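Engineer: Contents of work.cif (mmCIF, C-alpha atoms) are below:
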```cif
data_input
loop_
_atom_site.label_atom_id
_atom_site.label_comp_id
_atom_site.auth_asym_id
_atom_site.auth_seq_id
_atom_site.Cartn_x
_atom_site.Cartn_y
_atom_site.Cartn_z
CA MET J 21 -121.09 32.95 -32.25
CA ALA J 22 -121.58 29.25 -32.79
CA GLY J 23 -124.48 27.60 -30.98
CA LYS J 24 -123.87 24.80 -28.51
CA PRO J 25 -123.38 21.32 -29.89
CA LYS J 26 -126.67 19.43 -29.99
CA LEU J 27 -126.73 15.71 -29.28
CA HIS J 28 -129.42 13.48 -30.79
CA TYR J 29 -129.89 10.17 -29.00
CA PHE J 30 -132.09 8.19 -26.68
CA ASN J 31 -132.34 9.30 -23.07
CA GLY J 32 -129.66 6.95 -21.85
CA ARG J 33 -125.99 6.08 -22.08
CA GLY J 34 -125.58 3.78 -25.05
CA ARG J 35 -123.10 5.01 -27.63
CA MET J 36 -123.61 8.67 -26.81
CA GLU J 37 -122.28 8.57 -23.26
CA SER J 38 -118.61 8.68 -24.20
CA ILE J 39 -119.36 11.76 -26.31
CA ARG J 40 -121.08 13.42 -23.35
CA TRP J 41 -118.06 12.65 -21.15
CA LEU J 42 -115.58 14.04 -23.67
CA LEU J 43 -117.50 17.26 -24.28
CA ALA J 44 -117.97 17.74 -20.56
CA ALA J 45 -114.31 17.08 -19.82
CA ALA J 46 -113.38 19.59 -22.50
CA GLY J 47 -115.62 22.12 -20.73
CA VAL J 48 -118.02 22.36 -23.65
CA GLU J 49 -121.68 23.01 -22.83
CA PHE J 50 -124.10 21.06 -24.99
CA GLU J 51 -127.80 20.51 -25.54
CA GLU J 52 -129.61 17.26 -25.99
CA LYS J 53 -132.63 16.28 -28.02
CA PHE J 54 -133.88 12.91 -26.81
CA ILE J 55 -135.53 10.43 -29.12
CA GLU J 56 -138.53 9.34 -27.07
CA THR J 57 -141.18 8.11 -29.50
CA PRO J 58 -141.24 6.24 -32.81
CA GLU J 59 -142.36 9.53 -34.36
CA ASP J 60 -139.19 11.28 -33.13
CA TRP J 61 -137.12 8.54 -34.72
CA ASP J 62 -139.04 8.56 -37.99
CA LYS J 63 -138.75 12.31 -38.26
CA LEU J 64 -134.97 12.33 -37.75
CA ARG J 65 -134.59 9.74 -40.45
CA SER J 66 -137.03 11.20 -42.94
CA ASP J 67 -135.53 14.69 -42.53
CA GLY J 68 -132.34 13.12 -43.86
CA HIS J 69 -130.26 14.11 -40.85
CA LEU J 70 -128.77 10.69 -40.18
CA MET J 71 -126.19 9.78 -42.79
CA PHE J 72 -126.44 6.03 -42.27
CA GLN J 73 -129.84 6.05 -40.56
CA GLN J 74 -128.15 5.70 -37.19
CA VAL J 75 -127.51 7.65 -34.03
CA PRO J 76 -125.48 9.07 -32.28
CA MET J 77 -125.72 12.25 -34.30
CA VAL J 78 -124.16 15.50 -33.14
CA GLU J 79 -124.87 18.90 -34.65
CA MET J 80 -121.75 20.94 -34.21
CA ASP J 81 -119.87 23.62 -36.16
CA GLY J 82 -122.37 23.53 -39.00
CA MET J 83 -122.13 19.76 -39.44
CA LYS J 84 -124.41 16.84 -38.64
CA MET J 85 -121.84 14.29 -37.55
CA VAL J 86 -122.54 10.60 -37.18
CA GLN J 87 -120.40 7.59 -36.23
CA THR J 88 -119.29 7.65 -32.62
CA ARG J 89 -115.57 7.46 -33.34
CA ALA J 90 -115.67 10.20 -35.98
CA ILE J 91 -117.47 12.47 -33.51
CA LEU J 92 -115.11 11.68 -30.64
CA ASN J 93 -112.05 12.22 -32.81
CA TYR J 94 -113.33 15.59 -34.00
CA ILE J 95 -113.99 16.78 -30.46
CA ALA J 96 -110.63 15.51 -29.22
CA SER J 97 -108.76 17.23 -32.06
CA LYS J 98 -110.65 20.46 -31.64
CA TYR J 99 -110.10 20.63 -27.89
CA ASN J 100 -106.54 19.41 -27.86
CA LEU J 101 -107.09 16.04 -26.27
CA TYR J 102 -105.42 14.02 -29.00
CA GLY J 103 -101.70 14.11 -28.33
CA LYS J 104 -99.05 16.28 -29.91
CA ASP J 105 -98.24 14.27 -33.05
CA ILE J 106 -99.38 11.27 -35.08
CA LYS J 107 -97.37 8.79 -32.98
CA GLU J 108 -99.02 9.94 -29.75
CA LYS J 109 -102.32 9.87 -31.60
CA ALA J 110 -101.66 6.26 -32.63
CA LEU J 111 -101.10 5.28 -29.00
CA ILE J 112 -104.22 7.16 -27.92
CA ASP J 113 -106.21 5.42 -30.66
CA MET J 114 -104.85 2.00 -29.75
CA TYR J 115 -105.76 2.47 -26.07
CA THR J 116 -109.15 3.95 -26.99
CA GLU J 117 -110.04 1.01 -29.22
CA GLY J 118 -109.24 -1.46 -26.42
CA ILE J 119 -111.36 0.55 -24.01
CA ALA J 120 -114.14 0.69 -26.62
CA ASP J 121 -114.11 -3.10 -27.05
CA LEU J 122 -114.69 -3.65 -23.32
CA SER J 123 -117.17 -0.77 -23.10
CA GLU J 124 -119.10 -2.29 -26.00
CA MET J 125 -119.63 -5.47 -24.02
CA ILE J 126 -121.00 -3.40 -21.15
CA ILE J 127 -123.13 -1.12 -23.34
CA VAL J 128 -124.98 -4.03 -24.94
CA LEU J 129 -125.57 -5.84 -21.62
CA PRO J 130 -129.07 -4.31 -21.11
CA LEU J 131 -130.08 -5.83 -24.45
CA CYS J 132 -128.94 -9.31 -23.43
CA PRO J 133 -131.61 -11.99 -22.86
CA PRO J 134 -131.94 -12.75 -19.11
CA ASP J 135 -130.75 -16.36 -19.40
CA GLN J 136 -127.46 -15.25 -21.01
CA LYS J 137 -126.78 -12.33 -18.72
CA GLU J 138 -124.86 -14.12 -16.03
CA ALA J 139 -122.46 -15.64 -18.53
CA LYS J 140 -121.95 -12.28 -20.21
CA ILE J 141 -121.21 -10.58 -16.92
CA ALA J 142 -118.71 -13.31 -16.05
CA LEU J 143 -116.96 -12.76 -19.40
CA ILE J 144 -116.89 -9.00 -18.86
CA LYS J 145 -115.31 -9.48 -15.44
CA GLU J 146 -112.72 -11.84 -16.85
CA ARG J 147 -111.80 -9.55 -19.71
CA THR J 148 -111.62 -6.60 -17.33
CA THR J 149 -109.13 -8.18 -14.94
CA ASP J 150 -107.22 -10.34 -17.42
CA ARG J 151 -107.08 -8.48 -20.69
CA TYR J 152 -107.76 -4.77 -20.32
CA LEU J 153 -107.02 -3.27 -16.93
CA PRO J 154 -103.57 -4.89 -16.59
CA VAL J 155 -102.52 -3.19 -19.83
CA PHE J 156 -103.38 0.28 -18.61
CA GLU J 157 -101.96 -0.31 -15.13
CA LYS J 158 -98.73 -1.36 -16.83
CA VAL J 159 -98.68 1.72 -19.09
CA LEU J 160 -98.98 4.03 -16.09
CA LYS J 161 -96.38 2.05 -14.16
CA SER J 162 -93.92 2.05 -17.05
CA HIS J 163 -93.65 5.84 -17.31
CA GLY J 164 -94.86 6.89 -13.87
CA GLN J 165 -96.70 9.86 -15.33
CA ASP J 166 -100.13 11.18 -14.44
CA TYR J 167 -101.72 10.42 -17.80
CA LEU J 168 -101.59 7.59 -20.29
CA VAL J 169 -99.91 9.38 -23.19
CA GLY J 170 -97.41 12.21 -23.48
CA ASN J 171 -97.67 13.33 -19.87
CA ARG J 172 -100.83 15.20 -20.74
CA LEU J 173 -104.58 14.66 -20.46
CA SER J 174 -106.02 13.09 -23.60
CA LYS J 175 -109.21 11.40 -24.71
CA ALA J 176 -107.66 8.07 -23.71
CA ASP J 177 -107.69 9.10 -20.04
CA ILE J 178 -111.29 10.32 -20.23
CA HIS J 179 -112.52 7.14 -21.92
CA LEU J 180 -110.60 4.95 -19.47
CA VAL J 181 -111.94 6.72 -16.40
CA GLU J 182 -115.47 6.50 -17.78
CA LEU J 183 -114.91 2.76 -18.23
CA LEU J 184 -113.57 2.42 -14.67
CA TYR J 185 -116.83 3.87 -13.35
CA TYR J 186 -118.79 1.23 -15.30
CA VAL J 187 -116.50 -1.53 -14.07
CA GLU J 188 -117.03 -0.32 -10.52
CA GLU J 189 -120.79 -0.35 -11.05
CA ILE J 190 -120.58 -3.99 -12.04
CA ASP J 191 -118.31 -4.94 -9.14
CA PRO J 192 -116.10 -2.54 -7.16
CA SER J 193 -113.69 -5.33 -6.24
CA LEU J 194 -112.61 -5.55 -9.89
CA LEU J 195 -110.41 -2.49 -9.34
CA ALA J 196 -108.75 -3.94 -6.24
CA ASN J 197 -105.46 -4.88 -7.86
CA PHE J 198 -105.02 -1.75 -9.94
CA PRO J 199 -103.77 1.03 -7.66
CA LEU J 200 -102.49 3.26 -10.46
CA LEU J 201 -105.82 3.06 -12.26
CA LYS J 202 -107.61 3.97 -9.05
CA ALA J 203 -105.30 6.96 -8.71
CA LEU J 204 -105.97 7.98 -12.34
CA LYS J 205 -109.68 7.72 -11.71
CA THR J 206 -109.41 10.01 -8.68
CA ARG J 207 -107.13 12.45 -10.47
CA VAL J 208 -109.31 12.80 -13.57
CA SER J 209 -112.50 12.92 -11.49
CA ASN J 210 -111.08 15.90 -9.63
CA LEU J 211 -110.47 17.95 -12.75
CA PRO J 212 -112.95 20.84 -12.41
CA THR J 213 -114.86 20.07 -15.63
CA VAL J 214 -115.14 16.37 -14.84
CA LYS J 215 -116.00 17.01 -11.19
CA LYS J 216 -118.90 19.18 -12.34
CA PHE J 217 -120.07 16.53 -14.80
CA LEU J 218 -120.03 13.89 -12.07
CA GLN J 219 -122.31 15.81 -9.76
CA PRO J 220 -125.75 14.25 -9.43
CA GLY J 221 -129.05 15.99 -9.92
CA GLN J 222 -127.86 19.05 -11.78
CA PRO J 223 -130.32 20.95 -13.97
CA GLU J 224 -130.35 19.68 -17.55
CA GLU J 225 -128.22 22.32 -19.13
CA THR J 226 -125.20 21.70 -16.93
CA SER J 227 -125.12 17.97 -16.35
CA HIS J 228 -126.18 15.29 -18.73
CA ARG J 229 -125.01 11.97 -17.26
CA MET L 14 -83.27 3.98 -44.42
CA ALA L 15 -86.63 3.06 -42.95
CA THR L 16 -87.54 -0.61 -42.79
CA LYS L 17 -90.74 -1.77 -44.39
CA PRO L 18 -93.86 -2.05 -42.25
CA LYS L 19 -94.47 -5.64 -41.16
CA LEU L 20 -97.96 -7.07 -40.84
CA PHE L 21 -98.81 -9.92 -38.48
CA TYR L 22 -102.05 -11.75 -39.24
CA PHE L 23 -103.59 -14.87 -40.65
CA ARG L 24 -103.19 -15.57 -44.35
CA GLY L 25 -106.48 -14.05 -45.32
CA ARG L 26 -108.50 -10.85 -45.37
CA GLY L 27 -110.19 -10.54 -41.98
CA ARG L 28 -109.42 -7.28 -40.23
CA MET L 29 -106.05 -6.82 -41.90
CA GLU L 30 -107.27 -6.40 -45.46
CA SER L 31 -108.18 -2.71 -45.16
CA ILE L 32 -104.66 -2.10 -43.87
CA ARG L 33 -103.15 -3.91 -46.87
CA TRP L 34 -105.31 -1.81 -49.20
CA LEU L 35 -104.27 1.45 -47.60
CA LEU L 36 -100.56 0.64 -47.68
CA ALA L 37 -100.78 -0.60 -51.26
CA ALA L 38 -102.74 2.45 -52.41
CA ALA L 39 -100.16 4.70 -50.77
CA GLY L 40 -97.45 2.86 -52.71
CA VAL L 41 -95.84 1.52 -49.54
CA GLU L 42 -94.12 -1.85 -49.73
CA PHE L 43 -94.77 -4.08 -46.75
CA GLU L 44 -93.84 -7.49 -45.41
CA GLU L 45 -96.16 -10.04 -43.88
CA GLU L 46 -95.77 -12.75 -41.29
CA PHE L 47 -98.65 -15.19 -41.48
CA ILE L 48 -99.92 -16.82 -38.31
CA GLU L 49 -100.50 -20.46 -39.04
CA THR L 50 -100.05 -22.23 -35.70
CA THR L 51 -101.02 -21.77 -32.09
CA GLU L 52 -97.32 -21.78 -31.20
CA GLN L 53 -96.64 -18.75 -33.37
CA TYR L 54 -99.55 -16.92 -31.80
CA GLU L 55 -98.51 -17.83 -28.28
CA LYS L 56 -95.01 -16.60 -28.97
CA LEU L 57 -96.37 -13.22 -30.06
CA LEU L 58 -98.41 -13.11 -26.87
CA LYS L 59 -95.54 -14.15 -24.64
CA ASP L 60 -93.22 -11.61 -26.24
CA GLY L 61 -95.77 -8.97 -25.26
CA ARG L 62 -96.26 -7.70 -28.78
CA LEU L 63 -100.04 -7.90 -28.81
CA LEU L 64 -101.30 -5.18 -26.49
CA PHE L 65 -104.72 -6.71 -25.90
CA GLY L 66 -103.77 -10.20 -27.00
CA GLN L 67 -105.13 -9.64 -30.49
CA VAL L 68 -104.16 -9.22 -34.12
CA PRO L 69 -103.96 -7.32 -36.50
CA MET L 70 -100.56 -6.12 -35.38
CA VAL L 71 -98.28 -3.91 -37.47
CA GLU L 72 -94.67 -3.02 -36.76
CA ILE L 73 -94.06 0.42 -38.23
CA ASP L 74 -91.81 3.38 -37.45
CA GLY L 75 -90.47 1.79 -34.29
CA MET L 76 -93.98 1.13 -32.94
CA VAL L 77 -95.87 -2.10 -32.36
CA LEU L 78 -99.42 -1.11 -33.21
CA THR L 79 -102.61 -3.08 -32.75
CA GLN L 80 -106.30 -2.20 -33.19
CA THR L 81 -107.34 -1.96 -36.81
CA ARG L 82 -108.69 1.59 -36.67
CA ALA L 83 -105.67 2.93 -34.82
CA ILE L 84 -103.40 1.47 -37.49
CA LEU L 85 -105.55 2.74 -40.37
CA SER L 86 -105.75 6.28 -38.93
CA TYR L 87 -101.99 6.41 -38.42
CA LEU L 88 -101.34 5.31 -41.98
CA ALA L 89 -103.91 7.70 -43.42
CA ALA L 90 -102.31 10.61 -41.57
CA LYS L 91 -98.76 9.56 -42.41
CA TYR L 92 -99.43 9.19 -46.12
CA ASP L 93 -101.51 12.34 -46.44
CA LEU L 94 -104.77 10.54 -47.13
CA TYR L 95 -106.71 12.11 -44.27
CA GLY L 96 -107.96 15.45 -45.60
CA LYS L 97 -106.49 18.91 -45.31
CA ASP L 98 -108.25 20.05 -42.12
CA LEU L 99 -110.38 18.82 -39.26
CA LYS L 100 -113.66 19.12 -41.14
CA GLU L 101 -112.38 17.01 -44.01
CA THR L 102 -110.92 14.50 -41.56
CA VAL L 103 -114.24 14.06 -39.79
CA ARG L 104 -116.00 13.42 -43.08
CA ILE L 105 -113.37 10.84 -44.01
CA ASN L 106 -113.87 9.24 -40.59
CA MET L 107 -117.64 9.15 -41.00
CA TYR L 108 -117.38 7.50 -44.41
CA THR L 109 -114.69 5.01 -43.44
CA ASP L 110 -116.45 4.05 -40.20
CA GLY L 111 -119.53 3.29 -42.30
CA THR L 112 -117.70 1.21 -44.92
CA LEU L 113 -115.66 -0.56 -42.26
CA ASP L 114 -118.89 -1.56 -40.46
CA LEU L 115 -120.10 -3.09 -43.72
CA MET L 116 -116.85 -4.95 -44.42
CA LEU L 117 -116.59 -6.29 -40.88
CA MET L 118 -120.06 -7.81 -41.28
CA ILE L 119 -118.62 -9.80 -44.20
CA ALA L 120 -115.51 -10.76 -42.24
CA VAL L 121 -117.44 -12.15 -39.28
CA ALA L 122 -120.01 -13.93 -41.47
CA ALA L 123 -117.29 -16.35 -42.57
CA PHE L 124 -117.28 -17.86 -39.07
CA LYS L 125 -121.01 -18.49 -38.79
CA PRO L 126 -122.80 -21.77 -39.44
CA PRO L 127 -124.02 -22.03 -43.08
CA ALA L 128 -127.65 -20.86 -42.64
CA GLU L 129 -126.70 -17.90 -40.47
CA LYS L 130 -123.83 -17.05 -42.79
CA GLU L 131 -126.16 -16.86 -45.78
CA GLU L 132 -128.54 -14.64 -43.83
CA SER L 133 -125.71 -12.35 -42.73
CA LEU L 134 -124.35 -11.99 -46.24
CA ALA L 135 -127.82 -11.27 -47.62
CA LEU L 136 -128.11 -8.53 -45.01
CA VAL L 137 -124.75 -7.11 -46.11
CA VAL L 138 -125.99 -6.79 -49.68
CA LYS L 139 -129.23 -5.20 -48.48
CA ARG L 140 -127.37 -2.73 -46.27
CA ALA L 141 -125.00 -1.90 -49.10
CA LYS L 142 -127.88 -1.19 -51.47
CA THR L 143 -130.12 0.69 -49.04
CA ARG L 144 -127.92 2.21 -46.36
CA TYR L 145 -124.40 2.76 -47.64
CA PHE L 146 -124.14 2.98 -51.41
CA PRO L 147 -126.98 5.51 -51.80
CA VAL L 148 -125.11 7.82 -49.42
CA PHE L 149 -121.91 7.70 -51.43
CA GLU L 150 -123.74 7.99 -54.75
CA LYS L 151 -125.37 11.16 -53.42
CA ILE L 152 -122.09 12.58 -52.13
CA LEU L 153 -120.51 12.14 -55.55
CA LYS L 154 -123.58 13.57 -57.26
CA ASP L 155 -123.78 16.63 -54.99
CA HIS L 156 -120.23 17.83 -55.55
CA GLY L 157 -119.57 16.27 -58.95
CA GLU L 158 -115.94 15.69 -58.07
CA ASP L 159 -113.78 12.64 -58.69
CA PHE L 160 -113.11 11.84 -55.05
CA LEU L 161 -115.31 11.66 -51.97
CA VAL L 162 -113.70 14.43 -49.94
CA GLY L 163 -111.98 17.68 -50.79
CA ASN L 164 -111.47 16.91 -54.46
CA LYS L 165 -108.47 14.83 -53.51
CA PHE L 166 -107.73 11.12 -53.22
CA SER L 167 -108.11 9.98 -49.59
CA TRP L 168 -108.51 6.96 -47.37
CA ALA L 169 -112.28 7.25 -47.86
CA ASP L 170 -111.93 6.51 -51.59
CA ILE L 171 -109.67 3.50 -51.01
CA GLN L 172 -112.02 1.99 -48.49
CA LEU L 173 -115.13 2.59 -50.56
CA LEU L 174 -113.52 0.82 -53.53
CA GLU L 175 -112.55 -2.08 -51.26
CA ALA L 176 -116.13 -2.30 -49.96
CA ILE L 177 -117.64 -2.14 -53.44
CA LEU L 178 -115.45 -4.99 -54.68
CA MET L 179 -116.22 -7.12 -51.62
CA VAL L 180 -119.97 -6.65 -51.98
CA GLU L 181 -119.78 -7.31 -55.73
CA GLU L 182 -118.29 -10.70 -54.87
CA LEU L 183 -121.56 -11.41 -53.06
CA ASP L 184 -123.82 -9.86 -55.72
CA ALA L 185 -122.33 -8.81 -59.03
CA SER L 186 -125.27 -6.53 -59.82
CA VAL L 187 -125.07 -4.48 -56.65
CA LEU L 188 -123.98 -1.29 -58.45
CA SER L 189 -126.74 -1.47 -61.07
CA GLU L 190 -128.59 1.53 -59.60
CA PHE L 191 -125.47 3.54 -58.85
CA PRO L 192 -123.93 4.97 -62.03
CA LEU L 193 -121.59 7.37 -60.25
CA LEU L 194 -120.26 4.58 -58.05
CA LYS L 195 -119.65 2.50 -61.18
CA ALA L 196 -117.60 5.33 -62.65
CA PHE L 197 -115.88 5.83 -59.29
CA LYS L 198 -114.97 2.15 -59.17
CA THR L 199 -113.35 2.32 -62.61
CA ARG L 200 -111.56 5.56 -61.88
CA ILE L 201 -110.10 4.51 -58.54
CA SER L 202 -109.19 1.04 -59.82
CA ASN L 203 -107.08 2.70 -62.49
CA ILE L 204 -104.91 4.62 -60.06
CA PRO L 205 -101.49 3.02 -60.72
CA THR L 206 -100.82 1.78 -57.17
CA ILE L 207 -104.32 0.35 -56.91
CA LYS L 208 -104.22 -1.14 -60.39
CA LYS L 209 -101.06 -2.96 -59.35
CA PHE L 210 -102.67 -4.21 -56.14
CA LEU L 211 -105.63 -5.55 -58.11
CA GLN L 212 -103.42 -7.68 -60.29
CA PRO L 213 -102.92 -11.36 -59.45
CA GLY L 214 -99.75 -12.04 -57.49
CA SER L 215 -100.18 -8.95 -55.28
CA GLN L 216 -100.57 -9.10 -51.51
CA ARG L 217 -104.34 -8.76 -51.79
CA LYS L 218 -106.00 -11.76 -50.20
CA PRO L 219 -108.89 -13.87 -51.56
CA PRO L 220 -112.28 -14.20 -49.84
CA PRO L 221 -112.26 -16.45 -46.75
CA ASP L 222 -112.55 -20.15 -47.49
CA SER L 223 -113.05 -23.11 -45.15
CA HIS L 224 -109.30 -23.59 -44.72
CA TYR L 225 -108.87 -19.99 -43.56
CA VAL L 226 -111.74 -20.35 -41.10
CA GLU L 227 -110.26 -23.59 -39.77
CA VAL L 228 -106.82 -22.06 -39.20
CA VAL L 229 -108.22 -19.02 -37.36
CA LYS L 230 -110.52 -21.13 -35.21
CA SER L 231 -107.74 -23.53 -34.30
CA VAL L 232 -105.19 -20.81 -33.48
CA LEU L 233 -107.63 -18.72 -31.46
CA HIS L 234 -109.33 -21.73 -29.86
CA PHE L 235 -112.96 -21.07 -30.70
#
```
Could you write out this structure as structure tokens?

Structural biologist:
Amino acid sequence: MAGKPKLHYFNGRGRMESIRWLLAAAGVEFEEKFIETPEDWDKLRSDGHLMFQQVPMVEMDGMKMVQTRAILNYIASKYNLYGKDIKEKALIDMYTEGIADLSEMIIVLPLCPPDQKEAKIALIKERTTDRYLPVFEKVLKSHGQDYLVGNRLSKADIHLVELLYYVEEIDPSLLANFPLLKALKTRVSNLPTVKKFLQPGQPEETSHR
Amino acid sequence: MATKPKLFYFRGRGRMESIRWLLAAAGVEFEEEFIETTEQYEKLLKDGRLLFGQVPMVEIDGMVLTQTRAILSYLAAKYDLYGKDLKETVRINMYTDGTLDLMLMIAVAAFKPPAEKEESLALVVKRAKTRYFPVFEKILKDHGEDFLVGNKFSWADIQLLEAILMVEELDASVLSEFPLLKAFKTRISNIPTIKKFLQPGSQRKPPPDSHYVEVVKSVLHF
């Protein structure tokens, strides 16, 4: 029997968080090895486990996968969260990339120098309400279905709901004019696997947020 | 009969070039509409054809697709350049994500002030020589095959060739320590569809010049 996937990253969200969300939503238990010291980092690199000297890296199914998107796409394909054909996949990818662009702005915020932070946050808020959320609200409105693509849960829904939580953390009022997105957030959050993942204070092997 | 894919972008490489390469390598004829004025861009926006207000945009198979990687993945799957199973696909994704990172560094460098631009491009060459090319040299050495994945021509090979040629434009000697990549470059360049694309008069675009940068900045207001 295959061992659990093992995630190599720092003890924090960064670029690994979307992978944690997707695995959790797919109901896949995973382990984590946190990089906590320069020695940890040096060892990972010198052991030759990081293809391009970067993390995230996920050990899964006999592979040492790197590159966030490659990892996410593998998990989504394996656990049937990638649409039913290449056209649905193209839509899922297009939505995912938009979500990733906004998420990227939020991910790098902690690294922003203090004097630039306010401006960055203002830009994030503007992009959220003007460029990104209206698109997804419109998608849901246009077909009236529960999920973004093909009337079925896909990675696009998981990534979007994750993003909505971050947006809410920045400013809950940002979601005010997006009722369908709020409903999606509630719906996905109530899926048993996601509900479990969202619970605070769980022991390490069941919750990794 | 299917209509040709239609590409909407500026008249230059930017984020569209990898898409042109993939289509060309797959032997797919395509049309291009070049964005040269703010009015053109605003019309695309107003007509709701740019999902997140951005290009590249490609009209293909009845879809209006944006987001470079979404477009590339669709094309790779459609033209059977994406491996034979999930494990091959993930390897292709790992390799193309890496080479795309490298090429995007070059694309964005064009818009930096001269000193920063030089620094960025020097970093690209360094990354190519120390982070990316050694990996691909080793992959080719380990399996001894002609192509990166599954002993079959894939999107990963097309993109690696594109990256090699772009970095060579910055430093002609960049492959000096990578004999297998040199052989790879020759081999892939000689594939008929690619050979054709590499000839003058094809839809391949030249490196960004000051005119290109000016047009993009003026259309996108930055």

Engineer: Measuring between all atoms listed in the file, which one of L:Lys208, L:Lys151, L:Arg28, L:Lys165 shows the shortest distance to chain J?

Structural biologist: L:Lys151

Engineer: Could you state the separation of atom CA of L:Ala90 and atom CA of L:Phe197 in Å, given to one decimal place?

Structural biologist: 22.8 Å

Engineer: Measuring between only C-alpha atoms, which one of J:Leu131, J:Leu143, J:Leu27, J:Ile178 shows the shortest distance to J:Thr213?

Structural biologist: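 So, comparing all the options, the nearest one is J:Ile178.
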
Engineer: So which one's closest to chain L, J:Glu146, J:Asp177, J:Glu108, J:Asp191? Using all atoms listed in the file, please.

Structural biologist: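 Closest candidate: J:Glu108.
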
Engineer: Please, which residues of chain J lie no more than 12 Å from chain L when the count uses only C-alpha atoms, and can they be set out as a ChimeraX atom specification?

Structural biologist: /J:65,68-74,76-77,80-99,105-122,147-156,158-159

Engineer: Around stretch 27-34 of chain J, fit a box with edges along x, y and z, padding it by 6 Å on each side, then list its centre and edge lengths in Å to one decimal as AutoDock Vina command-line options.

Structural biologist:
```
--center_x -129.0 --center_y 9.7 --center_z -26.3 --size_x 18.8 --size_y 23.9 --size_z 20.9
```

Engineer: Using all atoms listed in the file, pick whichever of L:Gln67, L:Thr16, L:Ser223, L:Thr199 has the shortest atom-to-atom distance to L:Lys125.

Structural biologist: L:Ser223

Engineer: Using only C-alpha atoms, which residue out of J:Glu49, J:Arg35, J:Lys175, J:Ala44 lies closest to J:Gln219?

Structural biologist: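 Closest to J:Gln219, using only C-alpha atoms: J:Ala44.
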
Engineer: Measuring between all atoms listed in the file, which one of L:Leu134, L:Ile207, L:Ala141, L:Val226 shows the shortest distance to L:Leu183?

Structural biologist: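 For L:Leu183, the nearest of the candidates is L:Leu134.
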
Engineer: Give as an MDAnalysis selection string the residues that the PyMOL selection byres ((chain J and resi 55-58) around 8) matches when applied to the coordinates above.

Structural biologist: chainID J and resid 28:31 53:54 59:62

Engineer: Output the residue selection produced by the PyMOL selection byres ((chain L and resi 45) around 7) on the file above, formatted as a list in words.

Structural biologist: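 Selection result, ordered by chain and number: Lys19, Leu20, Phe21, Phe43, Glu44, Glu46 and Phe47 of chain L.
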
Engineer: In Å to one decimal, how far is atom CA of L:Ile201 from atom CA of L:Gly163?

Structural biologist: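 We find that atom CA of L:Gly163 and atom CA of L:Ile201 lie 15.4 Å from each other.
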
Engineer: Taking 3 positions as the minimum chain separation for residues in the same chain, which residues sit within 8 Å of L:Asp170 when counting only C-alpha atoms? Answer as a list of chain:residue names.

Structural biologist: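 So, after excluding close chain neighbours, the residues are L:Phe160, L:Leu161, L:Phe166, L:Ser167, L:Leu173, L:Leu174, L:Ile201.
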